[in-house]
Amino acid sequence: MRPLTAHIDLNALRHNYLQARRYAPEARAMAVLKANAYGHGAIACAQALQDLAPAMAVACLEEGQALRARGIECPIVLLEGFFEADELDEVITGGYWSVLHTHWQVDALLTRLARWPQHRMTVLVKCDSGMHRLGFAPEEVGDLCGRLQAHAGIEQTLLMTHFATADTPDSPLLTAQLETINALRCLLDLPGCFANSPATLGVPASRHDWVRPGVMLYGVNPLEPQHALHDEIEQILRPVMTLESRIIAVRELQSGEPIGYGARHVTHRPTRVGVVACGYGDGYDRHAREGTPVLVEGKRAAIAGRVSMDMLTVDITELPEAGIGSRVTLWGRDASGSELSVSEVASWCDTIAYTLLTGILPRVPRCYHQDDDARESV
Ligand SMILES: Cc1ncc(COP(=O)(O)O)c(C=O)c1O
């Protein structure tokens, strides 16, 4: 078999979820599992969290259906709501909680609820408190919530918003968003659902009454390096995905020889090159610069030459013990405990950890690990 595998540590996933609960003890934490649980496999992740998480969140009904089909029974939040009115029968009857961010959604839902007098739904009214992506203007929200609360088919109305800069210390935009949304929450006397991962960890004023941690569940530190809590969080979260492959060929090159497409790298000394089975056809980012780190049997080495579709090349001159079959960790924690964070790799690719994790393609087998004896619980 091709040696490339994404190992998924479900104990680490549970550990990270429990950290969200620890930082926001007064709130309930819905586990954000959209985009196939940020590339980790939504079904396995949902199954691993189902005894802990009172709700889970996905982007759309199709993602929710996949979880329901595999026995996930908790409320599933649709973070963008429904896209067409014909989704509504299933949304209403299937135990989903819908975000509402446009007037047509409110009208369509309230009309369709008349068909289902025995069903009552929870909705999250999304307020645009300043990010200017989805949501109603703050001054519209009061009337809308009143209308929803007065409807017999609505069981519970939550006030929701999303922050643009919760990862950044001392952000004036975050302060303004918090003022807007917390004032509205008090005025309307509604339960809130505001905090993504960085807010869950670093913004106490955002932790009403539900939090929505996503990327932190997968072990990614969501705070900017200059944030006061960055180093503390670095110690606490555990990587969930370890992307691992092996060296499949070794080339011994003289100084002055090119490596790979475009001859981007030209050796400046006699060089041993390890060819690794992993490329952009697996989702590894082709923008990885010269020097992007990998671990070879736990020791750091650097990418030399452009990433190709199924392979990448690593300078292993300083690692004479490395050869065909050596284990290469593209990110995560290897068997010896050495770690390379996906955030560090992302910085070499001019991107963020979210895109690397969600970008791992289906052709990469996911291998799930769960040790029942080491399983953390509340
Ligand atoms: C509406 C909403 N809530 C929560 C999250 C989770 O955010 P994070 O992964 O930063 O925790 C996202 C992710 O993009 C989102 O779009």
# chains A, B, ... in the order shown; residues from 1 in each chain; ligands from 1
>>> residues_near_ligand(ligand="ligand 1", cutoff="7 Å", atoms="only C-alpha atoms and all ligand atoms", output="NGL selection string")
:A and (32 or 79 or 162 or 196-198 or 212-216 or 222)
>>> write_last_selection(atoms="N, CA, C and O atoms", output="PDB file, in the first residue's frame")
ATOM      1  N   VAL A  32     -17.932  21.828  16.559  1.00  0.00           N
ATOM      2  CA  VAL A  32     -18.069  22.203  15.144  1.00  0.00           C
ATOM      3  C   VAL A  32     -17.367  21.146  14.284  1.00  0.00           C
ATOM      4  O   VAL A  32     -16.150  20.962  14.361  1.00  0.00           O
ATOM      5  N   LEU A  79     -25.033  25.814  10.395  1.00  0.00           N
ATOM      6  CA  LEU A  79     -24.433  27.132  10.643  1.00  0.00           C
ATOM      7  C   LEU A  79     -24.784  28.165   9.574  1.00  0.00           C
ATOM      8  O   LEU A  79     -24.686  29.356   9.820  1.00  0.00           O
ATOM      9  N   HIS A 162     -20.826  36.111  15.024  1.00  0.00           N
ATOM     10  CA  HIS A 162     -19.510  35.517  14.738  1.00  0.00           C
ATOM     11  C   HIS A 162     -18.488  36.645  14.757  1.00  0.00           C
ATOM     12  O   HIS A 162     -18.771  37.749  14.293  1.00  0.00           O
ATOM     13  N   ASN A 196     -16.302  31.436  18.818  1.00  0.00           N
ATOM     14  CA  ASN A 196     -15.544  30.416  18.096  1.00  0.00           C
ATOM     15  C   ASN A 196     -14.369  29.979  18.987  1.00  0.00           C
ATOM     16  O   ASN A 196     -14.308  30.349  20.168  1.00  0.00           O
ATOM     17  N   SER A 197     -13.392  29.253  18.431  1.00  0.00           N
ATOM     18  CA  SER A 197     -12.294  28.753  19.291  1.00  0.00           C
ATOM     19  C   SER A 197     -11.516  29.860  19.993  1.00  0.00           C
ATOM     20  O   SER A 197     -11.343  29.806  21.215  1.00  0.00           O
ATOM     21  N   PRO A 198     -11.009  30.865  19.263  1.00  0.00           N
ATOM     22  CA  PRO A 198     -10.209  31.867  19.975  1.00  0.00           C
ATOM     23  C   PRO A 198     -11.002  32.598  21.040  1.00  0.00           C
ATOM     24  O   PRO A 198     -10.458  32.936  22.099  1.00  0.00           O
ATOM     25  N   ARG A 212     -18.910  27.736  20.337  1.00  0.00           N
ATOM     26  CA  ARG A 212     -18.831  26.939  19.104  1.00  0.00           C
ATOM     27  C   ARG A 212     -17.382  26.683  18.735  1.00  0.00           C
ATOM     28  O   ARG A 212     -16.873  27.189  17.726  1.00  0.00           O
ATOM     29  N   PRO A 213     -16.657  25.900  19.522  1.00  0.00           N
ATOM     30  CA  PRO A 213     -15.259  25.643  19.175  1.00  0.00           C
ATOM     31  C   PRO A 213     -15.140  24.744  17.944  1.00  0.00           C
ATOM     32  O   PRO A 213     -15.820  23.733  17.833  1.00  0.00           O
ATOM     33  N   GLY A 214     -14.269  25.156  17.033  1.00  0.00           N
ATOM     34  CA  GLY A 214     -14.001  24.350  15.841  1.00  0.00           C
ATOM     35  C   GLY A 214     -12.551  23.922  15.834  1.00  0.00           C
ATOM     36  O   GLY A 214     -12.172  22.875  16.370  1.00  0.00           O
ATOM     37  N   VAL A 215     -11.684  24.790  15.320  1.00  0.00           N
ATOM     38  CA  VAL A 215     -10.309  24.376  15.019  1.00  0.00           C
ATOM     39  C   VAL A 215      -9.553  23.900  16.265  1.00  0.00           C
ATOM     40  O   VAL A 215      -8.691  23.023  16.173  1.00  0.00           O
ATOM     41  N   MET A 216      -9.885  24.441  17.435  1.00  0.00           N
ATOM     42  CA  MET A 216      -9.160  24.006  18.643  1.00  0.00           C
ATOM     43  C   MET A 216      -9.422  22.530  18.954  1.00  0.00           C
ATOM     44  O   MET A 216      -8.585  21.858  19.549  1.00  0.00           O
ATOM     45  N   PRO A 222      -5.638  28.492  18.236  1.00  0.00           N
ATOM     46  CA  PRO A 222      -6.304  29.506  17.404  1.00  0.00           C
ATOM     47  C   PRO A 222      -5.861  30.928  17.702  1.00  0.00           C
ATOM     48  O   PRO A 222      -6.344  31.852  17.063  1.00  0.00           O
TER      49      PRO A 222
END
>>> residues_around(residues="stretch 309-321 of chain A", least_positions_apart="4", cutoff="6 Å", atoms="only C-alpha atoms", output="list of chain:residue names")
A:Thr271, A:Arg272, A:Val273, A:Gly274, A:Val275, A:Val276, A:Ala277, A:Cys278, A:Gly279, A:Tyr280, A:Gly281, A:Ala302, A:Ile303, A:Ala304
>>> residues_around(residues="A:Ala55", least_positions_apart="5", cutoff="10 Å", atoms="only C-alpha atoms", output="number ranges by chain")
A: 28-32, 46, 49-50, 72-77, 96-97, 210, 212
>>> select_by_dssp(residues="stretch 252-287 of chain A", states="strand (DSSP E or B)", output="mmCIF file with N, CA, C and O atoms, in the first residue's frame")
data_model
loop_
_atom_site.group_PDB
_atom_site.id
_atom_site.type_symbol
_atom_site.label_atom_id
_atom_site.label_comp_id
_atom_site.auth_asym_id
_atom_site.auth_seq_id
_atom_site.Cartn_x
_atom_site.Cartn_y
_atom_site.Cartn_z
ATOM 1 N N GLU A 252 21.391 10.575 -4.627
ATOM 2 C CA GLU A 252 22.639 11.203 -4.180
ATOM 3 C C GLU A 252 23.048 12.160 -5.295
ATOM 4 O O GLU A 252 23.350 11.712 -6.401
ATOM 5 N N LEU A 253 23.044 13.447 -5.026
ATOM 6 C CA LEU A 253 23.311 14.444 -6.071
ATOM 7 C C LEU A 253 24.598 15.211 -5.778
ATOM 8 O O LEU A 253 24.927 15.469 -4.617
ATOM 9 N N PRO A 258 19.804 20.267 -10.239
ATOM 10 C CA PRO A 258 18.440 20.699 -9.941
ATOM 11 C C PRO A 258 17.620 19.559 -9.324
ATOM 12 O O PRO A 258 17.935 18.385 -9.524
ATOM 13 N N ILE A 259 16.575 19.940 -8.593
ATOM 14 C CA ILE A 259 15.632 18.946 -8.044
ATOM 15 C C ILE A 259 14.215 19.353 -8.442
ATOM 16 O O ILE A 259 13.774 20.464 -8.132
ATOM 17 N N HIS A 265 14.910 24.173 -6.948
ATOM 18 C CA HIS A 265 16.031 24.007 -6.029
ATOM 19 C C HIS A 265 17.239 23.517 -6.820
ATOM 20 O O HIS A 265 17.149 22.572 -7.590
ATOM 21 N N VAL A 266 18.372 24.162 -6.623
ATOM 22 C CA VAL A 266 19.628 23.679 -7.195
ATOM 23 C C VAL A 266 20.573 23.432 -6.022
ATOM 24 O O VAL A 266 20.766 24.314 -5.176
ATOM 25 N N THR A 271 24.368 16.410 -2.053
ATOM 26 C CA THR A 271 23.097 16.381 -1.308
ATOM 27 C C THR A 271 22.431 15.009 -1.428
ATOM 28 O O THR A 271 22.376 14.435 -2.524
ATOM 29 N N ARG A 272 21.924 14.510 -0.287
ATOM 30 C CA ARG A 272 21.064 13.303 -0.330
ATOM 31 C C ARG A 272 19.621 13.771 -0.291
ATOM 32 O O ARG A 272 19.224 14.535 0.597
ATOM 33 N N VAL A 273 18.860 13.292 -1.228
ATOM 34 C CA VAL A 273 17.458 13.704 -1.325
ATOM 35 C C VAL A 273 16.569 12.488 -1.055
ATOM 36 O O VAL A 273 16.742 11.440 -1.676
ATOM 37 N N GLY A 274 15.644 12.643 -0.115
ATOM 38 C CA GLY A 274 14.639 11.604 0.123
ATOM 39 C C GLY A 274 13.364 11.980 -0.620
ATOM 40 O O GLY A 274 12.869 13.109 -0.506
ATOM 41 N N VAL A 275 12.853 11.030 -1.410
ATOM 42 C CA VAL A 275 11.605 11.263 -2.139
ATOM 43 C C VAL A 275 10.473 10.666 -1.300
ATOM 44 O O VAL A 275 10.512 9.479 -0.956
ATOM 45 N N VAL A 276 9.493 11.490 -0.966
ATOM 46 C CA VAL A 276 8.440 11.103 -0.023
ATOM 47 C C VAL A 276 7.117 10.948 -0.769
ATOM 48 O O VAL A 276 6.775 11.801 -1.605
#
>>> decode(residues="stretch 119-134 of chain A", atoms="N, CA, C and O atoms", output="mmCIF file, in the first residue's frame")
data_model
loop_
_atom_site.group_PDB
_atom_site.id
_atom_site.type_symbol
_atom_site.label_atom_id
_atom_site.label_comp_id
_atom_site.auth_asym_id
_atom_site.auth_seq_id
_atom_site.Cartn_x
_atom_site.Cartn_y
_atom_site.Cartn_z
ATOM 1 N N HIS A 119 -44.245 19.501 15.665
ATOM 2 C CA HIS A 119 -42.803 19.749 15.804
ATOM 3 C C HIS A 119 -42.536 21.185 16.221
ATOM 4 O O HIS A 119 -43.136 22.118 15.682
ATOM 5 N N ARG A 120 -41.573 21.339 17.151
ATOM 6 C CA ARG A 120 -41.144 22.688 17.535
ATOM 7 C C ARG A 120 -39.633 22.774 17.342
ATOM 8 O O ARG A 120 -38.920 21.806 17.597
ATOM 9 N N MET A 121 -39.192 23.905 16.883
ATOM 10 C CA MET A 121 -37.783 24.022 16.468
ATOM 11 C C MET A 121 -37.008 25.059 17.263
ATOM 12 O O MET A 121 -37.563 26.062 17.675
ATOM 13 N N THR A 122 -35.713 24.805 17.401
ATOM 14 C CA THR A 122 -34.803 25.818 17.947
ATOM 15 C C THR A 122 -34.121 26.531 16.784
ATOM 16 O O THR A 122 -33.681 25.887 15.827
ATOM 17 N N VAL A 123 -34.071 27.847 16.874
ATOM 18 C CA VAL A 123 -33.403 28.622 15.824
ATOM 19 C C VAL A 123 -32.344 29.533 16.449
ATOM 20 O O VAL A 123 -32.433 29.896 17.624
ATOM 21 N N LEU A 124 -31.342 29.864 15.635
ATOM 22 C CA LEU A 124 -30.302 30.803 16.056
ATOM 23 C C LEU A 124 -30.384 32.005 15.126
ATOM 24 O O LEU A 124 -30.173 31.857 13.905
ATOM 25 N N VAL A 125 -30.736 33.137 15.681
ATOM 26 C CA VAL A 125 -30.865 34.341 14.863
ATOM 27 C C VAL A 125 -29.497 35.013 14.793
ATOM 28 O O VAL A 125 -28.933 35.413 15.814
ATOM 29 N N LYS A 126 -28.979 35.088 13.583
ATOM 30 C CA LYS A 126 -27.608 35.587 13.438
ATOM 31 C C LYS A 126 -27.607 37.094 13.264
ATOM 32 O O LYS A 126 -28.229 37.636 12.346
ATOM 33 N N CYS A 127 -26.879 37.724 14.158
ATOM 34 C CA CYS A 127 -26.740 39.177 14.108
ATOM 35 C C CYS A 127 -25.372 39.518 13.530
ATOM 36 O O CYS A 127 -24.359 38.958 13.955
ATOM 37 N N ASP A 128 -25.355 40.424 12.593
ATOM 38 C CA ASP A 128 -24.073 40.932 12.087
ATOM 39 C C ASP A 128 -23.622 42.049 13.014
ATOM 40 O O ASP A 128 -24.033 43.190 12.876
ATOM 41 N N SER A 129 -22.779 41.662 13.965
ATOM 42 C CA SER A 129 -22.324 42.659 14.952
ATOM 43 C C SER A 129 -21.088 43.404 14.470
ATOM 44 O O SER A 129 -20.518 44.192 15.217
ATOM 45 N N GLY A 130 -20.657 43.137 13.239
ATOM 46 C CA GLY A 130 -19.515 43.903 12.726
ATOM 47 C C GLY A 130 -18.611 43.169 11.764
ATOM 48 O O GLY A 130 -17.736 43.765 11.155
ATOM 49 N N MET A 131 -18.807 41.849 11.623
ATOM 50 C CA MET A 131 -17.933 41.121 10.697
ATOM 51 C C MET A 131 -18.367 41.335 9.246
ATOM 52 O O MET A 131 -17.573 41.194 8.320
ATOM 53 N N HIS A 132 -19.665 41.639 9.065
ATOM 54 C CA HIS A 132 -20.211 41.920 7.737
ATOM 55 C C HIS A 132 -20.060 40.755 6.766
ATOM 56 O O HIS A 132 -19.631 40.919 5.624
ATOM 57 N N ARG A 133 -20.392 39.567 7.269
ATOM 58 C CA ARG A 133 -20.480 38.412 6.381
ATOM 59 C C ARG A 133 -21.952 38.014 6.373
ATOM 60 O O ARG A 133 -22.714 38.519 5.581
ATOM 61 N N LEU A 134 -22.407 37.194 7.325
ATOM 62 C CA LEU A 134 -23.823 36.845 7.384
ATOM 63 C C LEU A 134 -24.481 37.550 8.562
ATOM 64 O O LEU A 134 -23.830 37.827 9.576
#
